[in-house]
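Asker: Below you'll find upload14.json; it's JSON, C-alpha atoms (C1' of nucleotides).
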[["chain", "number", "residue", "atom", "x", "y", "z"],
["A", 1, "MET", "CA", 11.02, -176.94, -117.04],
["A", 2, "GLU", "CA", 13.14, -177.54, -120.08],
["A", 3, "ASN", "CA", 15.79, -180.21, -119.74],
["A", 4, "GLN", "CA", 19.53, -179.81, -120.28],
["A", 5, "THR", "CA", 19.58, -181.83, -123.44],
["A", 6, "THR", "CA", 17.06, -179.58, -125.12],
["A", 7, "ALA", "CA", 18.81, -176.44, -124.01],
["A", 8, "MET", "CA", 22.11, -177.87, -125.18],
["A", 9, "LEU", "CA", 20.65, -178.67, -128.59],
["A", 10, "ASP", "CA", 19.38, -175.12, -128.80],
["A", 11, "ARG", "CA", 22.82, -173.77, -128.04],
["A", 12, "SER", "CA", 24.67, -176.14, -130.34],
["A", 13, "PHE", "CA", 22.49, -175.54, -133.38],
["A", 14, "ALA", "CA", 22.26, -171.82, -132.71],
["A", 15, "ALA", "CA", 26.03, -171.61, -132.45],
["A", 16, "LEU", "CA", 26.33, -173.27, -135.86],
["A", 17, "ALA", "CA", 23.82, -170.89, -137.40],
["A", 18, "ASP", "CA", 26.31, -168.05, -137.77],
["A", 19, "PRO", "CA", 28.82, -167.78, -140.62],
["A", 20, "THR", "CA", 31.51, -166.18, -138.47],
["A", 21, "ARG", "CA", 31.30, -168.97, -135.94],
["A", 22, "ARG", "CA", 31.36, -171.64, -138.63],
["A", 23, "ALA", "CA", 34.43, -169.96, -140.12],
["A", 24, "ILE", "CA", 36.08, -170.04, -136.71],
["A", 25, "LEU", "CA", 35.38, -173.75, -136.41],
["A", 26, "LEU", "CA", 36.85, -174.35, -139.84],
["A", 27, "GLN", "CA", 39.91, -172.37, -138.90],
["A", 28, "LEU", "CA", 40.27, -174.53, -135.82],
["A", 29, "THR", "CA", 40.43, -177.65, -137.97],
["A", 30, "GLN", "CA", 43.94, -176.36, -138.73],
["A", 31, "GLY", "CA", 44.77, -176.66, -135.06],
["A", 32, "GLU", "CA", 44.75, -174.63, -131.87],
["A", 33, "ALA", "CA", 44.60, -170.87, -132.17],
["A", 34, "GLY", "CA", 44.42, -167.81, -129.94],
["A", 35, "VAL", "CA", 41.73, -165.16, -130.11],
["A", 36, "MET", "CA", 43.83, -162.72, -132.13],
["A", 37, "GLU", "CA", 44.62, -165.34, -134.76],
["A", 38, "LEU", "CA", 40.97, -166.32, -134.98],
["A", 39, "ALA", "CA", 39.93, -162.68, -135.26],
["A", 40, "ALA", "CA", 42.42, -161.84, -138.01],
["A", 41, "PRO", "CA", 40.35, -162.95, -141.02],
["A", 42, "PHE", "CA", 37.37, -160.86, -139.98],
["A", 43, "GLU", "CA", 36.59, -157.19, -140.29],
["A", 44, "MET", "CA", 35.22, -157.19, -136.83],
["A", 45, "SER", "CA", 36.33, -155.98, -133.44],
["A", 46, "GLN", "CA", 38.15, -158.26, -131.03],
["A", 47, "PRO", "CA", 35.32, -158.17, -128.46],
["A", 48, "ALA", "CA", 32.91, -159.37, -131.12],
["A", 49, "VAL", "CA", 35.10, -162.36, -131.87],
["A", 50, "THR", "CA", 35.58, -163.03, -128.17],
["A", 51, "ARG", "CA", 31.83, -163.28, -127.84],
["A", 52, "HIS", "CA", 31.50, -165.65, -130.77],
["A", 53, "ILE", "CA", 34.11, -167.79, -129.09],
["A", 54, "LYS", "CA", 32.11, -167.77, -125.88],
["A", 55, "VAL", "CA", 29.03, -168.89, -127.75],
["A", 56, "LEU", "CA", 30.97, -171.75, -129.31],
["A", 57, "ALA", "CA", 32.41, -172.75, -125.94],
["A", 58, "ASP", "CA", 29.00, -172.65, -124.24],
["A", 59, "ALA", "CA", 27.71, -174.92, -126.99],
["A", 60, "GLY", "CA", 30.51, -177.37, -126.31],
["A", 61, "LEU", "CA", 31.86, -176.97, -129.81],
["A", 62, "ILE", "CA", 35.27, -175.74, -128.67],
["A", 63, "LYS", "CA", 37.50, -176.02, -125.61],
["A", 64, "ARG", "CA", 39.83, -173.40, -124.20],
["A", 65, "ARG", "CA", 43.05, -173.46, -122.24],
["A", 66, "SER", "CA", 45.36, -170.72, -121.05],
["A", 67, "GLN", "CA", 48.96, -170.50, -122.09],
["A", 68, "GLY", "CA", 50.65, -167.40, -120.75],
["A", 69, "THR", "CA", 48.62, -164.43, -121.82],
["A", 70, "LYS", "CA", 46.99, -166.42, -124.59],
["A", 71, "ARG", "CA", 43.71, -168.31, -124.58],
["A", 72, "LEU", "CA", 44.09, -171.17, -126.98],
["A", 73, "CYS", "CA", 40.96, -172.59, -128.58],
["A", 74, "SER", "CA", 40.50, -176.03, -130.07],
["A", 75, "LEU", "CA", 37.63, -178.11, -131.38],
["A", 76, "SER", "CA", 35.65, -180.14, -128.89],
["A", 77, "SER", "CA", 33.58, -183.18, -129.74],
["A", 78, "GLU", "CA", 31.03, -182.55, -127.00],
["A", 79, "GLY", "CA", 28.74, -180.28, -128.95],
["A", 80, "PHE", "CA", 28.83, -182.52, -131.99],
["A", 81, "GLU", "CA", 28.10, -185.57, -129.88],
["A", 82, "ASN", "CA", 25.10, -183.67, -128.69],
["A", 83, "ILE", "CA", 23.55, -182.95, -132.05],
["A", 84, "THR", "CA", 24.26, -186.16, -133.89],
["A", 85, "PRO", "CA", 21.99, -188.43, -131.85],
["A", 86, "TRP", "CA", 19.20, -186.00, -132.46],
["A", 87, "LEU", "CA", 19.90, -185.85, -136.17],
["A", 88, "SER", "CA", 19.88, -189.62, -136.23],
["A", 89, "MET", "CA", 16.34, -189.72, -134.89],
["A", 90, "ILE", "CA", 15.31, -187.78, -137.95],
["A", 91, "ALA", "CA", 17.50, -189.83, -140.20],
["A", 92, "ASP", "CA", 15.77, -193.00, -139.03],
["A", 93, "ALA", "CA", 12.48, -191.57, -140.21],
["A", 94, "TYR", "CA", 13.72, -191.25, -143.74],
["A", 95, "GLY", "CA", 14.27, -194.98, -143.66],
["A", 96, "ALA", "CA", 16.16, -196.73, -146.38],
["A", 97, "LYS", "CA", 15.67, -193.78, -148.65],
["A", 98, "TYR", "CA", 17.88, -191.67, -146.50],
["A", 99, "ASN", "CA", 19.96, -194.28, -144.80],
["A", 100, "GLN", "CA", 23.21, -192.54, -145.61],
["A", 101, "LEU", "CA", 22.39, -190.05, -142.92],
["A", 102, "ASP", "CA", 21.30, -192.89, -140.77],
["A", 103, "ALA", "CA", 24.64, -194.56, -141.18],
["A", 104, "LEU", "CA", 26.50, -191.41, -140.34],
["A", 105, "LEU", "CA", 24.57, -191.02, -137.17],
["A", 106, "ALA", "CA", 25.08, -194.62, -136.21],
["A", 107, "ARG", "CA", 28.80, -194.16, -136.53],
["A", 108, "MET", "CA", 28.69, -191.05, -134.46],
["A", 109, "ALA", "CA", 26.78, -192.91, -131.82],
["A", 110, "ASP", "CA", 29.72, -195.35, -131.60],
["A", 111, "GLY", "CA", 31.48, -192.31, -130.41],
["A", 112, "PRO", "CA", 35.13, -191.91, -129.52],
["A", 113, "THR", "CA", 36.32, -189.70, -126.67],
["B", 1, "MET", "CA", 28.07, -160.54, -150.96],
["B", 2, "GLU", "CA", 27.24, -163.67, -149.10],
["B", 3, "ASN", "CA", 26.59, -166.73, -151.18],
["B", 4, "GLN", "CA", 23.50, -168.92, -151.18],
["B", 5, "THR", "CA", 25.19, -171.84, -149.54],
["B", 6, "THR", "CA", 26.20, -169.79, -146.54],
["B", 7, "ALA", "CA", 22.78, -168.24, -146.20],
["B", 8, "MET", "CA", 21.21, -171.67, -146.53],
["B", 9, "LEU", "CA", 23.43, -173.05, -143.78],
["B", 10, "ASP", "CA", 22.41, -170.13, -141.59],
["B", 11, "ARG", "CA", 18.76, -170.90, -142.17],
["B", 12, "SER", "CA", 19.07, -174.65, -141.74],
["B", 13, "PHE", "CA", 21.00, -174.51, -138.48],
["B", 14, "ALA", "CA", 18.90, -171.66, -137.14],
["B", 15, "ALA", "CA", 15.74, -173.60, -137.92],
["B", 16, "LEU", "CA", 17.06, -176.54, -135.91],
["B", 17, "ALA", "CA", 17.96, -174.31, -132.98],
["B", 18, "ASP", "CA", 14.40, -174.13, -131.68],
["B", 19, "PRO", "CA", 12.74, -176.84, -129.56],
["B", 20, "THR", "CA", 9.29, -176.30, -131.06],
["B", 21, "ARG", "CA", 10.64, -176.69, -134.58],
["B", 22, "ARG", "CA", 12.61, -179.79, -133.64],
["B", 23, "ALA", "CA", 9.46, -181.23, -132.08],
["B", 24, "ILE", "CA", 7.59, -180.53, -135.30],
["B", 25, "LEU", "CA", 10.24, -182.37, -137.30],
["B", 26, "LEU", "CA", 10.04, -185.33, -134.94],
["B", 27, "GLN", "CA", 6.29, -185.35, -135.29],
["B", 28, "LEU", "CA", 6.71, -185.41, -139.06],
["B", 29, "THR", "CA", 8.78, -188.57, -138.82],
["B", 30, "GLN", "CA", 5.38, -190.18, -138.15],
["B", 31, "GLY", "CA", 4.23, -189.00, -141.54],
["B", 32, "GLU", "CA", 2.53, -186.09, -143.24],
["B", 33, "ALA", "CA", 0.51, -183.73, -141.08],
["B", 34, "GLY", "CA", -1.52, -180.56, -141.40],
["B", 35, "VAL", "CA", -0.92, -177.37, -139.47],
["B", 36, "MET", "CA", -3.65, -178.04, -136.89],
["B", 37, "GLU", "CA", -2.29, -181.48, -136.11],
["B", 38, "LEU", "CA", 1.21, -180.11, -135.78],
["B", 39, "ALA", "CA", 0.00, -177.33, -133.53],
["B", 40, "ALA", "CA", -2.01, -179.61, -131.22],
["B", 41, "PRO", "CA", 0.83, -180.62, -128.86],
["B", 42, "PHE", "CA", 1.81, -177.04, -128.17],
["B", 43, "GLU", "CA", 0.34, -174.39, -125.95],
["B", 44, "MET", "CA", 0.82, -171.86, -128.65],
["B", 45, "SER", "CA", -1.38, -170.06, -131.12],
["B", 46, "GLN", "CA", -1.91, -171.34, -134.63],
["B", 47, "PRO", "CA", -0.16, -168.36, -136.24],
["B", 48, "ALA", "CA", 2.92, -169.06, -134.15],
["B", 49, "VAL", "CA", 3.04, -172.64, -135.41],
["B", 50, "THR", "CA", 2.42, -171.50, -138.95],
["B", 51, "ARG", "CA", 5.49, -169.31, -138.70],
["B", 52, "HIS", "CA", 7.64, -172.10, -137.33],
["B", 53, "ILE", "CA", 6.50, -174.16, -140.29],
["B", 54, "LYS", "CA", 7.50, -171.39, -142.65],
["B", 55, "VAL", "CA", 10.96, -171.23, -141.08],
["B", 56, "LEU", "CA", 11.35, -174.98, -141.52],
["B", 57, "ALA", "CA", 10.18, -174.77, -145.14],
["B", 58, "ASP", "CA", 12.53, -171.88, -145.92],
["B", 59, "ALA", "CA", 15.36, -173.95, -144.49],
["B", 60, "GLY", "CA", 14.45, -176.82, -146.81],
["B", 61, "LEU", "CA", 13.75, -179.11, -143.88],
["B", 62, "ILE", "CA", 10.14, -179.70, -144.83],
["B", 63, "LYS", "CA", 7.98, -179.64, -147.96],
["B", 64, "ARG", "CA", 4.35, -178.62, -148.26],
["B", 65, "ARG", "CA", 1.50, -179.57, -150.52],
["B", 66, "SER", "CA", -2.12, -178.56, -150.58],
["B", 67, "GLN", "CA", -4.94, -181.03, -150.21],
["B", 68, "GLY", "CA", -8.27, -179.36, -150.10],
["B", 69, "THR", "CA", -8.21, -176.78, -147.42],
["B", 70, "LYS", "CA", -5.30, -178.48, -145.72],
["B", 71, "ARG", "CA", -1.60, -177.81, -146.12],
["B", 72, "LEU", "CA", 0.18, -181.07, -145.53],
["B", 73, "CYS", "CA", 3.77, -180.94, -144.32],
["B", 74, "SER", "CA", 6.40, -183.63, -144.70],
["B", 75, "LEU", "CA", 10.10, -183.97, -144.13],
["B", 76, "SER", "CA", 12.42, -182.86, -146.89],
["B", 77, "SER", "CA", 15.99, -184.03, -147.34],
["B", 78, "GLU", "CA", 17.17, -180.78, -148.87],
["B", 79, "GLY", "CA", 18.01, -178.97, -145.69],
["B", 80, "PHE", "CA", 19.78, -181.96, -144.27],
["B", 81, "GLU", "CA", 21.75, -182.45, -147.46],
["B", 82, "ASN", "CA", 22.82, -178.89, -146.98],
["B", 83, "ILE", "CA", 24.22, -179.19, -143.51],
["B", 84, "THR", "CA", 25.85, -182.58, -143.68],
["B", 85, "PRO", "CA", 28.61, -181.70, -146.14],
["B", 86, "TRP", "CA", 29.54, -178.83, -143.92],
["B", 87, "LEU", "CA", 29.56, -181.00, -140.83],
["B", 88, "SER", "CA", 31.77, -183.44, -142.67],
["B", 89, "MET", "CA", 34.41, -180.78, -143.20],
["B", 90, "ILE", "CA", 34.64, -180.46, -139.47],
["B", 91, "ALA", "CA", 34.48, -184.20, -138.98],
["B", 92, "ASP", "CA", 37.49, -184.64, -141.24],
["B", 93, "ALA", "CA", 39.48, -182.44, -138.92],
["B", 94, "TYR", "CA", 38.90, -184.73, -136.02],
["B", 95, "GLY", "CA", 40.59, -187.44, -138.03],
["B", 96, "ALA", "CA", 40.48, -191.03, -136.95],
["B", 97, "LYS", "CA", 39.59, -189.98, -133.46],
["B", 98, "TYR", "CA", 36.21, -188.79, -134.63],
["B", 99, "ASN", "CA", 35.79, -190.86, -137.73],
["B", 100, "GLN", "CA", 32.29, -191.95, -136.78],
["B", 101, "LEU", "CA", 31.09, -188.50, -137.69],
["B", 102, "ASP", "CA", 33.26, -188.66, -140.72],
["B", 103, "ALA", "CA", 31.59, -191.86, -141.78],
["B", 104, "LEU", "CA", 28.16, -190.46, -141.28],
["B", 105, "LEU", "CA", 28.94, -187.53, -143.45],
["B", 106, "ALA", "CA", 30.43, -189.71, -146.12],
["B", 107, "ARG", "CA", 27.23, -191.68, -146.27],
["B", 108, "MET", "CA", 25.14, -188.59, -146.46],
["B", 109, "ALA", "CA", 27.28, -187.35, -149.31],
["B", 110, "ASP", "CA", 26.28, -190.48, -151.21],
["B", 111, "GLY", "CA", 22.89, -188.97, -150.98],
["B", 112, "PRO", "CA", 19.62, -190.30, -152.30],
["B", 113, "THR", "CA", 16.90, -188.05, -153.72],
["C", 1, "DA", "C1'", 57.83, -151.01, -111.00],
["C", 2, "DC", "C1'", 56.30, -150.10, -115.83],
["C", 3, "DT", "C1'", 54.77, -151.36, -120.40],
["C", 4, "DT", "C1'", 52.83, -154.26, -123.57],
["C", 5, "DT", "C1'", 50.26, -158.03, -125.28],
["C", 6, "DA", "C1'", 46.25, -160.61, -125.21],
["C", 7, "DC", "C1'", 42.11, -160.99, -123.86],
["C", 8, "DA", "C1'", 37.56, -160.10, -121.08],
["C", 9, "DT", "C1'", 33.80, -157.20, -119.51],
["C", 10, "DA", "C1'", 30.45, -153.37, -119.60],
["C", 11, "DA", "C1'", 27.25, -150.36, -121.46],
["C", 12, "DC", "C1'", 24.88, -149.18, -125.33],
["C", 13, "DT", "C1'", 22.29, -149.71, -129.98],
["C", 14, "DA", "C1'", 20.06, -151.59, -134.06],
["C", 15, "DA", "C1'", 18.16, -155.56, -135.97],
["C", 16, "DT", "C1'", 15.96, -159.95, -135.67],
["C", 17, "DC", "C1'", 12.90, -163.22, -133.40],
["C", 18, "DA", "C1'", 9.05, -165.47, -131.14],
["C", 19, "DG", "C1'", 4.99, -164.77, -129.51],
["C", 20, "DT", "C1'", 0.33, -162.36, -129.28],
["C", 21, "DT", "C1'", -4.53, -160.91, -131.18],
["C", 22, "DA", "C1'", -7.23, -159.58, -135.00],
["C", 23, "DT", "C1'", -8.35, -160.18, -139.64],
["C", 24, "DA", "C1'", -8.09, -162.00, -144.44],
["C", 25, "DT", "C1'", -8.09, -165.85, -147.65],
["C", 26, "DT", "C1'", -9.28, -170.16, -149.77],
["C", 27, "DA", "C1'", -11.53, -174.62, -150.49],
["C", 28, "DG", "C1'", -15.47, -177.60, -149.37],
["C", 29, "DG", "C1'", -19.86, -178.71, -147.67],
["C", 30, "DT", "C1'", -25.01, -177.66, -147.76],
["D", 1, "DA", "C1'", -24.94, -167.95, -152.31],
["D", 2, "DC", "C1'", -23.53, -168.98, -147.45],
["D", 3, "DC", "C1'", -21.08, -171.10, -143.79],
["D", 4, "DT", "C1'", -17.30, -173.32, -141.81],
["D", 5, "DA", "C1'", -12.74, -175.25, -141.46],
["D", 6, "DA", "C1'", -7.96, -174.64, -142.20],
["D", 7, "DT", "C1'", -4.56, -171.73, -142.83],
["D", 8, "DA", "C1'", -2.14, -167.25, -143.87],
["D", 9, "DT", "C1'", -1.07, -162.42, -143.10],
["D", 10, "DA", "C1'", -0.66, -158.03, -140.51],
["D", 11, "DA", "C1'", 0.44, -155.16, -136.85],
["D", 12, "DC", "C1'", 2.29, -154.96, -132.56],
["D", 13, "DT", "C1'", 5.41, -156.19, -128.37],
["D", 14, "DG", "C1'", 9.12, -157.94, -125.50],
["D", 15, "DA", "C1'", 13.32, -160.58, -125.54],
["D", 16, "DT", "C1'", 17.48, -161.94, -127.60],
["D", 17, "DT", "C1'", 21.42, -161.10, -130.64],
["D", 18, "DA", "C1'", 25.39, -159.13, -132.94],
["D", 19, "DG", "C1'", 27.83, -155.51, -133.30],
["D", 20, "DT", "C1'", 30.07, -151.16, -131.47],
["D", 21, "DT", "C1'", 33.46, -148.31, -128.28],
["D", 22, "DA", "C1'", 35.55, -147.77, -123.93],
["D", 23, "DT", "C1'", 37.68, -149.78, -120.16],
["D", 24, "DG", "C1'", 39.42, -153.49, -117.05],
["D", 25, "DT", "C1'", 42.53, -157.41, -116.01],
["D", 26, "DA", "C1'", 46.28, -160.78, -116.08],
["D", 27, "DA", "C1'", 50.67, -162.61, -117.53],
["D", 28, "DA", "C1'", 55.33, -161.51, -119.81],
["D", 29, "DG", "C1'", 58.92, -158.83, -121.03],
["D", 30, "DT", "C1'", 62.41, -155.10, -119.72]]
For the structure just supplied, provide its representation as structure tokens.

Answerer:
Amino acid sequence: MENQTTAMLDRSFAALADPTRRAILLQLTQGEAGVMELAAPFEMSQPAVTRHIKVLADAGLIKRRSQGTKRLCSLSSEGFENITPWLSMIADAYGAKYNQLDALLARMADGPT
Amino acid sequence: MENQTTAMLDRSFAALADPTRRAILLQLTQGEAGVMELAAPFEMSQPAVTRHIKVLADAGLIKRRSQGTKRLCSLSSEGFENITPWLSMIADAYGAKYNQLDALLARMADGPT
DNA sequence: ACTTTACATAACTAATCAGTTATATTAGGT
DNA sequence: ACCTAATATAACTGATTAGTTATGTAAAGT
């Protein structure tokens, strides 16, 4: 009987724990991109990249939309909004000593979108 | 030829991707604790908890010191200082829209310890 | 209608992971 | 010296993961 939040945290952090997926996210900071574009920098098959993209989407870290035969990916705040409150719980524990993290989390809690 | 930073990010995020390990970190926000204490809330063997603790330590999320026959664990900022700069790169991409995250990361970059 | 582009899905494999039980180690107490 | 408490290590197992190749599908172009 695990709750959604916990499972979502699992997925979000796990998605971030892979260098290929982090590289994809960084590439997406440059804007929307299709699967082929995202796959280009890697010496890896297209299906492998497609799966990384699925993992990122399931974690709420990216969104996808169709445009013709393309599937354009872009960053999504959802996944990040999921992990930051949790990180802030830890940050609080560090107290003043670590309040930089605390501040970051507070600002994320303000939350846009 | 992967660099340390990348491997460290892998370890840090992967360590956070498990509910038991996150629960251990939360428990440590209450202060130092030995392995037995940390294991108590879980229906899990002691060796299993010991391994989770090792994963957290390898990720730089906790520190350990010996006191008699006990091994006291406490939160460590290292692992968090590792992931926040990376998160801030992503946060920058969101721009003003997501600048709460951006702010958090900026504050973490200030960094104590 | 046919081809091509862009992607998704399936079936398989090797490696890693999370847990188990059993056993070793290490420090303190008596 | 011996016993116990607290933890670590080893050997094993089942599940998940990341990659592969081969094949399927869906929208555009000709």

Asker: Sorted by chain and rising residue number, list the residues of chain D at most 10 Å from chain B (counting all atoms listed in the file), each with its closest atom pair and distance in Å to one decimal, as JSON lines.

Answerer:
{"residue": "D:DA5", "atom": "C1'", "partner": "B:Thr69", "partner_atom": "CA", "distance": 7.6}
{"residue": "D:DA6", "atom": "C1'", "partner": "B:Thr69", "partner_atom": "CA", "distance": 5.6}
{"residue": "D:DT7", "atom": "C1'", "partner": "B:Lys70", "partner_atom": "CA", "distance": 7.4}
{"residue": "D:DA8", "atom": "C1'", "partner": "B:Thr50", "partner_atom": "CA", "distance": 7.9}
{"residue": "D:DT9", "atom": "C1'", "partner": "B:Pro47", "partner_atom": "CA", "distance": 9.1}

Asker: Would you kindly identify which residues have an atom no farther than 12 Å from (52.6, -152.9, -119.5), using only C-alpha atoms (C1' of nucleotides) and the file's own coordinates, and write them out as a ChimeraX atom specification?

Answerer: /C:1-6 /D:25-30

Asker: Here's a test: counting all atoms listed in the file, identify every protein, DNA and RNA residue with an atom at most 12 Å from (42.9, -171.2, -135.1) in the file's coordinate frame, and state them as a ChimeraX atom specification.

Answerer: /A:21,23-41,53,62-64,71-75

Asker: With distances taken over all atoms listed in the file, which of C:DG19, C:DA24, C:DG29, C:DT13 is nearest to chain B?

Answerer: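 The answer is C:DG19, which sits nearest to chain B.
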
Asker: Name the closest residue to chain C among the candidates A:Ser66, A:Ser12, A:Gln4, A:Phe42; distances are taken between atoms, counting only C-alpha atoms (C1' of nucleotides).

Answerer: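 The answer is A:Ser66, which sits nearest to chain C.
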
Asker: Can you tell me how far atom CA of Thr6 of chain A sits from atom CA of Val49 of chain B, in Å to one decimal?

Answerer: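 Rounded to one decimal, the two atoms are 18.7 Å apart.
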
Asker: In Å, how far is it from atom C1' of DA18 of chain C to atom CA of Leu61 of chain A?

Answerer: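 Distance reported for this atom pair: 25.6 Å.
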
Asker: To one decimal place, how far is atom CA of Ala14 of chain A from atom CA of Ala14 of chain B in Å?

Answerer: 5.6 Å

Asker: Output, as a short mmCIF file (atom, residue, chain, number, x, y, z; two decimals) with C-alpha atoms, in the coordinates of the input, the coordinates of chain A following least-squares superposition onto chain B across all in-order C-alpha pairs.

Answerer:
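Dumped to superposed_17.cif:
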data_model
loop_
_atom_site.label_atom_id
_atom_site.label_comp_id
_atom_site.auth_asym_id
_atom_site.auth_seq_id
_atom_site.Cartn_x
_atom_site.Cartn_y
_atom_site.Cartn_z
CA MET A 1 28.03 -160.56 -150.97
CA GLU A 2 27.23 -163.70 -149.07
CA ASN A 3 26.61 -166.78 -151.17
CA GLN A 4 23.50 -168.96 -151.18
CA THR A 5 25.19 -171.88 -149.53
CA THR A 6 26.19 -169.81 -146.53
CA ALA A 7 22.78 -168.26 -146.20
CA MET A 8 21.19 -171.68 -146.52
CA LEU A 9 23.42 -173.05 -143.77
CA ASP A 10 22.40 -170.15 -141.59
CA ARG A 11 18.75 -170.89 -142.17
CA SER A 12 19.06 -174.64 -141.74
CA PHE A 13 20.98 -174.52 -138.47
CA ALA A 14 18.89 -171.66 -137.13
CA ALA A 15 15.72 -173.58 -137.92
CA LEU A 16 17.05 -176.53 -135.92
CA ALA A 17 17.94 -174.32 -132.98
CA ASP A 18 14.37 -174.13 -131.68
CA PRO A 19 12.73 -176.84 -129.58
CA THR A 20 9.28 -176.30 -131.08
CA ARG A 21 10.62 -176.70 -134.58
CA ARG A 22 12.59 -179.79 -133.65
CA ALA A 23 9.44 -181.24 -132.10
CA ILE A 24 7.57 -180.54 -135.32
CA LEU A 25 10.23 -182.36 -137.31
CA LEU A 26 10.02 -185.32 -134.97
CA GLN A 27 6.27 -185.36 -135.31
CA LEU A 28 6.69 -185.40 -139.07
CA THR A 29 8.75 -188.58 -138.84
CA GLN A 30 5.35 -190.17 -138.18
CA GLY A 31 4.22 -189.00 -141.58
CA GLU A 32 2.49 -186.08 -143.26
CA ALA A 33 0.48 -183.73 -141.09
CA GLY A 34 -1.55 -180.55 -141.42
CA VAL A 35 -0.91 -177.37 -139.46
CA MET A 36 -3.64 -178.04 -136.90
CA GLU A 37 -2.29 -181.50 -136.13
CA LEU A 38 1.22 -180.12 -135.79
CA ALA A 39 -0.01 -177.32 -133.54
CA ALA A 40 -2.00 -179.61 -131.23
CA PRO A 41 0.83 -180.63 -128.87
CA PHE A 42 1.80 -177.04 -128.17
CA GLU A 43 0.34 -174.39 -125.93
CA MET A 44 0.82 -171.86 -128.62
CA SER A 45 -1.36 -170.02 -131.08
CA GLN A 46 -1.91 -171.33 -134.59
CA PRO A 47 -0.17 -168.34 -136.21
CA ALA A 48 2.92 -169.05 -134.13
CA VAL A 49 3.04 -172.61 -135.39
CA THR A 50 2.40 -171.46 -138.94
CA ARG A 51 5.46 -169.29 -138.68
CA HIS A 52 7.62 -172.09 -137.33
CA ILE A 53 6.49 -174.13 -140.29
CA LYS A 54 7.50 -171.34 -142.64
CA VAL A 55 10.93 -171.22 -141.07
CA LEU A 56 11.32 -174.96 -141.53
CA ALA A 57 10.16 -174.74 -145.14
CA ASP A 58 12.52 -171.85 -145.92
CA ALA A 59 15.35 -173.94 -144.50
CA GLY A 60 14.42 -176.79 -146.81
CA LEU A 61 13.73 -179.08 -143.88
CA ILE A 62 10.11 -179.69 -144.84
CA LYS A 63 7.96 -179.63 -147.97
CA ARG A 64 4.33 -178.59 -148.26
CA ARG A 65 1.46 -179.51 -150.52
CA SER A 66 -2.17 -178.49 -150.57
CA GLN A 67 -4.98 -180.96 -150.22
CA GLY A 68 -8.36 -179.28 -150.10
CA THR A 69 -8.28 -176.74 -147.34
CA LYS A 70 -5.34 -178.46 -145.71
CA ARG A 71 -1.64 -177.76 -146.08
CA LEU A 72 0.14 -181.02 -145.55
CA CYS A 73 3.74 -180.92 -144.35
CA SER A 74 6.36 -183.61 -144.73
CA LEU A 75 10.08 -183.94 -144.15
CA SER A 76 12.40 -182.85 -146.93
CA SER A 77 15.96 -184.02 -147.36
CA GLU A 78 17.13 -180.76 -148.91
CA GLY A 79 17.98 -178.96 -145.71
CA PHE A 80 19.75 -181.98 -144.28
CA GLU A 81 21.73 -182.45 -147.47
CA ASN A 82 22.80 -178.89 -146.99
CA ILE A 83 24.21 -179.22 -143.50
CA THR A 84 25.83 -182.61 -143.68
CA PRO A 85 28.59 -181.73 -146.14
CA TRP A 86 29.51 -178.86 -143.91
CA LEU A 87 29.52 -181.03 -140.82
CA SER A 88 31.73 -183.47 -142.66
CA MET A 89 34.37 -180.81 -143.21
CA ILE A 90 34.60 -180.50 -139.46
CA ALA A 91 34.45 -184.22 -138.98
CA ASP A 92 37.45 -184.66 -141.25
CA ALA A 93 39.45 -182.43 -138.95
CA TYR A 94 38.90 -184.72 -136.02
CA GLY A 95 40.61 -187.39 -138.06
CA ALA A 96 40.61 -190.97 -136.97
CA LYS A 97 39.68 -189.93 -133.48
CA TYR A 98 36.32 -188.78 -134.63
CA ASN A 99 35.88 -190.81 -137.75
CA GLN A 100 32.43 -191.98 -136.77
CA LEU A 101 31.17 -188.56 -137.66
CA ASP A 102 33.30 -188.67 -140.71
CA ALA A 103 31.69 -191.89 -141.79
CA LEU A 104 28.23 -190.52 -141.25
CA LEU A 105 28.98 -187.56 -143.40
CA ALA A 106 30.50 -189.68 -146.11
CA ARG A 107 27.33 -191.71 -146.27
CA MET A 108 25.24 -188.61 -146.44
CA ALA A 109 27.38 -187.37 -149.27
CA ASP A 110 26.42 -190.53 -151.20
CA GLY A 111 23.04 -189.00 -151.00
CA PRO A 112 19.75 -190.41 -152.20
CA THR A 113 17.02 -188.25 -153.72
#

Asker: List every residue of chain C that has an atom at most 10 Å from any atom of chain B, and for each one report the closest atom pair and its distance in Å to one decimal, counting all atoms listed in the file, with rows sorted by chain and then by increasing residue number, as a Markdown table.

Answerer:
| residue | atom | partner | partner_atom | distance |
| --- | --- | --- | --- | --- |
| C:DA18 | C1' | B:Ala48 | CA | 7.7 |
| C:DG19 | C1' | B:Ala48 | CA | 6.6 |
| C:DT20 | C1' | B:Ser45 | CA | 8.1 |
| C:DT21 | C1' | B:Ser45 | CA | 9.7 |
| C:DT26 | C1' | B:Thr69 | CA | 7.1 |
| C:DA27 | C1' | B:Thr69 | CA | 5.0 |
| C:DG28 | C1' | B:Gly68 | CA | 7.4 |
